[in-house]
Structure formats: structure tokens, C-alpha cells
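Here's query_35.txt, which has compact mmCIF, N, CA and C atoms:
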```
# COMPACT_ATOMS: atom_id res chain seq x y z
N MET O 583 -191.31 -19.26 225.57
CA MET O 583 -191.43 -19.98 226.82
C MET O 583 -190.02 -20.18 227.38
N THR O 584 -189.86 -19.79 228.63
CA THR O 584 -188.56 -19.93 229.26
C THR O 584 -188.41 -21.34 229.85
N LYS O 585 -187.22 -21.64 230.25
CA LYS O 585 -186.92 -22.95 230.85
C LYS O 585 -187.72 -23.15 232.14
N ILE O 586 -187.88 -22.11 232.91
CA ILE O 586 -188.63 -22.19 234.17
C ILE O 586 -190.11 -22.46 233.89
N GLU O 587 -190.67 -21.74 232.92
CA GLU O 587 -192.07 -21.97 232.55
C GLU O 587 -192.28 -23.39 232.04
N GLN O 588 -191.35 -23.85 231.23
CA GLN O 588 -191.41 -25.21 230.70
C GLN O 588 -191.43 -26.22 231.84
N HIS O 589 -190.57 -26.04 232.82
CA HIS O 589 -190.49 -26.97 233.94
C HIS O 589 -191.77 -26.93 234.79
N LYS O 590 -192.33 -25.75 235.01
CA LYS O 590 -193.56 -25.62 235.80
C LYS O 590 -194.73 -26.30 235.10
N ILE O 591 -194.82 -26.15 233.78
CA ILE O 591 -195.91 -26.78 233.03
C ILE O 591 -195.79 -28.29 233.10
N ILE O 592 -194.58 -28.81 232.98
CA ILE O 592 -194.38 -30.25 233.06
C ILE O 592 -194.74 -30.76 234.45
N ASP O 593 -194.39 -30.01 235.48
CA ASP O 593 -194.77 -30.39 236.85
C ASP O 593 -196.29 -30.43 237.03
N LEU O 594 -196.97 -29.43 236.47
CA LEU O 594 -198.43 -29.41 236.56
C LEU O 594 -199.06 -30.58 235.81
N LEU O 595 -198.54 -30.86 234.63
CA LEU O 595 -199.09 -31.94 233.82
C LEU O 595 -198.88 -33.31 234.45
N ARG O 596 -197.87 -33.44 235.28
CA ARG O 596 -197.62 -34.71 235.95
C ARG O 596 -198.82 -35.15 236.79
N ASP O 597 -199.58 -34.17 237.32
CA ASP O 597 -200.76 -34.49 238.12
C ASP O 597 -201.92 -35.04 237.27
N TYR O 598 -201.83 -34.89 235.95
CA TYR O 598 -202.91 -35.29 235.06
C TYR O 598 -202.52 -36.47 234.16
N LEU O 599 -201.47 -37.20 234.55
CA LEU O 599 -201.03 -38.36 233.78
C LEU O 599 -202.14 -39.42 233.65
N HIS O 600 -202.94 -39.56 234.68
CA HIS O 600 -203.99 -40.58 234.66
C HIS O 600 -205.05 -40.31 233.60
N LYS O 601 -205.17 -39.07 233.14
CA LYS O 601 -206.14 -38.73 232.11
C LYS O 601 -205.58 -38.90 230.70
N MET O 602 -204.27 -38.95 230.59
CA MET O 602 -203.64 -39.03 229.27
C MET O 602 -203.62 -40.47 228.76
N SER O 603 -203.70 -40.58 227.45
CA SER O 603 -203.58 -41.90 226.84
C SER O 603 -203.01 -41.75 225.44
N GLY O 604 -202.50 -42.83 224.91
CA GLY O 604 -202.02 -42.86 223.54
C GLY O 604 -200.88 -41.92 223.26
N SER O 605 -201.02 -41.17 222.18
CA SER O 605 -199.93 -40.29 221.74
C SER O 605 -199.70 -39.14 222.71
N ASP O 606 -200.75 -38.70 223.41
CA ASP O 606 -200.56 -37.63 224.40
C ASP O 606 -199.59 -38.07 225.48
N LEU O 607 -199.77 -39.26 225.98
CA LEU O 607 -198.90 -39.79 227.03
C LEU O 607 -197.48 -39.99 226.51
N ASP O 608 -197.37 -40.52 225.30
CA ASP O 608 -196.04 -40.72 224.70
C ASP O 608 -195.31 -39.39 224.51
N ASP O 609 -196.05 -38.38 224.01
CA ASP O 609 -195.45 -37.07 223.80
C ASP O 609 -195.02 -36.45 225.13
N PHE O 610 -195.87 -36.58 226.14
CA PHE O 610 -195.53 -36.02 227.44
C PHE O 610 -194.28 -36.67 228.02
N GLU O 611 -194.20 -37.99 227.91
CA GLU O 611 -193.02 -38.69 228.43
C GLU O 611 -191.75 -38.23 227.71
N MET O 612 -191.84 -38.03 226.41
CA MET O 612 -190.69 -37.55 225.64
C MET O 612 -190.29 -36.14 226.10
N LEU O 613 -191.29 -35.29 226.28
CA LEU O 613 -191.02 -33.91 226.72
C LEU O 613 -190.46 -33.89 228.14
N ARG O 614 -190.96 -34.76 228.99
CA ARG O 614 -190.48 -34.84 230.37
C ARG O 614 -189.02 -35.31 230.42
N LYS O 615 -188.67 -36.27 229.59
CA LYS O 615 -187.29 -36.73 229.53
C LYS O 615 -186.35 -35.64 229.04
N ARG O 616 -186.81 -34.90 228.05
CA ARG O 616 -185.99 -33.80 227.53
C ARG O 616 -185.80 -32.72 228.59
N ASP O 617 -186.85 -32.46 229.37
CA ASP O 617 -186.75 -31.47 230.44
C ASP O 617 -185.81 -31.96 231.54
N ARG O 618 -185.90 -33.23 231.87
CA ARG O 618 -185.03 -33.81 232.89
C ARG O 618 -183.56 -33.75 232.47
N ASP O 619 -183.30 -33.91 231.17
CA ASP O 619 -181.94 -33.86 230.65
C ASP O 619 -181.46 -32.42 230.41
N ASP O 620 -182.26 -31.45 230.82
CA ASP O 620 -181.95 -30.02 230.67
C ASP O 620 -181.81 -29.59 229.22
N GLU O 621 -182.59 -30.18 228.33
CA GLU O 621 -182.59 -29.78 226.93
C GLU O 621 -183.65 -28.71 226.73
N ASP O 622 -183.35 -27.77 225.86
CA ASP O 622 -184.35 -26.79 225.46
C ASP O 622 -185.26 -27.43 224.42
N LEU O 623 -186.55 -27.13 224.49
CA LEU O 623 -187.49 -27.69 223.54
C LEU O 623 -187.45 -26.90 222.24
N ASP O 624 -187.63 -27.60 221.15
CA ASP O 624 -187.72 -26.93 219.86
C ASP O 624 -189.12 -26.36 219.70
N THR O 625 -189.39 -25.77 218.56
CA THR O 625 -190.69 -25.14 218.31
C THR O 625 -191.83 -26.15 218.42
N PHE O 626 -191.64 -27.32 217.83
CA PHE O 626 -192.67 -28.35 217.90
C PHE O 626 -192.90 -28.79 219.34
N GLY O 627 -191.84 -28.99 220.09
CA GLY O 627 -191.96 -29.42 221.48
C GLY O 627 -192.68 -28.40 222.34
N ARG O 628 -192.36 -27.13 222.16
CA ARG O 628 -193.04 -26.08 222.93
C ARG O 628 -194.52 -26.01 222.57
N ARG O 629 -194.82 -26.15 221.27
CA ARG O 629 -196.21 -26.10 220.82
C ARG O 629 -196.98 -27.30 221.39
N ARG O 630 -196.38 -28.47 221.35
CA ARG O 630 -197.04 -29.68 221.86
C ARG O 630 -197.25 -29.60 223.37
N LEU O 631 -196.26 -29.06 224.09
CA LEU O 631 -196.40 -28.89 225.53
C LEU O 631 -197.54 -27.93 225.85
N SER O 632 -197.65 -26.86 225.10
CA SER O 632 -198.75 -25.90 225.29
C SER O 632 -200.09 -26.55 225.00
N GLU O 633 -200.17 -27.37 223.96
CA GLU O 633 -201.42 -28.05 223.63
C GLU O 633 -201.84 -29.00 224.74
N LEU O 634 -200.90 -29.74 225.28
CA LEU O 634 -201.21 -30.66 226.38
C LEU O 634 -201.65 -29.88 227.62
N TYR O 635 -201.01 -28.76 227.87
CA TYR O 635 -201.35 -27.92 229.02
C TYR O 635 -202.79 -27.43 228.90
N VAL O 636 -203.17 -26.92 227.75
CA VAL O 636 -204.52 -26.41 227.54
C VAL O 636 -205.54 -27.55 227.60
N LYS O 637 -205.18 -28.69 227.08
CA LYS O 637 -206.11 -29.83 227.01
C LYS O 637 -206.38 -30.46 228.37
N TYR O 638 -205.37 -30.58 229.21
CA TYR O 638 -205.52 -31.36 230.44
C TYR O 638 -205.61 -30.55 231.73
N VAL O 639 -205.01 -29.39 231.80
CA VAL O 639 -205.06 -28.60 233.03
C VAL O 639 -206.30 -27.70 232.99
N PRO O 640 -207.18 -27.82 233.99
CA PRO O 640 -208.40 -27.00 234.01
C PRO O 640 -208.08 -25.50 234.06
N ASP O 641 -209.00 -24.71 233.54
CA ASP O 641 -208.82 -23.25 233.47
C ASP O 641 -208.50 -22.64 234.83
N ARG O 642 -209.13 -23.13 235.87
CA ARG O 642 -208.96 -22.52 237.18
C ARG O 642 -207.55 -22.69 237.74
N PHE O 643 -206.78 -23.66 237.22
CA PHE O 643 -205.41 -23.87 237.68
C PHE O 643 -204.36 -23.22 236.77
N ARG O 644 -204.79 -22.73 235.63
CA ARG O 644 -203.84 -22.08 234.72
C ARG O 644 -203.65 -20.63 235.14
N ASN O 645 -202.46 -20.13 234.97
CA ASN O 645 -202.17 -18.73 235.35
C ASN O 645 -202.43 -17.81 234.22
```
Could you spell out this file's structure in C-alpha cells?
Amino acid sequence: MTKIEQHKIIDLLRDYLHKMSGSDLDDFEMLRKRDRDDEDLDTFGRRRLSELYVKYVPDRFRN
């Protein structure tokens, strides 16, 4: 996953914050802060971002 893809996924997930709760919301906030600070995500972070993307973004909006 490139930096651009990472940023696009985080932007898309921002629209679904109202559906997130608990650890999903905490993980997303952590990933969003790391993206804002221009940090590259580690393997766990990329995997967790992908899981949140699949869980919250409907199929019709995924590329």
C-alpha cells in the first residue's frame, strides 16, 4: 500500500466515523494521526487499515 492509497482510504473512512465504536474508533484515530504526521504505517497498521476499510466502506464505493 502506497502513501497515496493510505491517505485515500483514511479519507474515505472519515465518512464512516459515526458507525465506528470501541477499538475500531481508537485504532482509526491512531492511524489518522500517524497519517497526518506523515508516518508510514507498519505491517500491523496497514493490515488494520485494510480491515477497517473492508468492514465499514460498502462494496459499491470500494475500487
Next item on the list: From the DSSP assignment of the backbone, select every residue of range 583-633 of chain O that is alpha helix (DSSP H), and format the answer as number ranges by chain.
Entry: O: 585-596, 605-618, 625-633
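Taking atom N of Glu621 in chain O as the reference point, atom C of His600 in chain O is found at 25.2 Å.
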Check: Leaving out range 622-629 of chain O and any residue of its chain fewer than 4 positions from it, which residues lie within 12 Å of it when counting only C-alpha atoms, given as number ranges by chain?
Finding: O: 583-589, 591-592, 609-618, 633-636
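Taking CA of Arg630 in chain O and atom C of Phe643 in chain O as the two end points, the separation is 17.8 Å.
Here atom C of Arg642 in chain O and atom C of Met602 in chain O stand 20.3 Å from one another.
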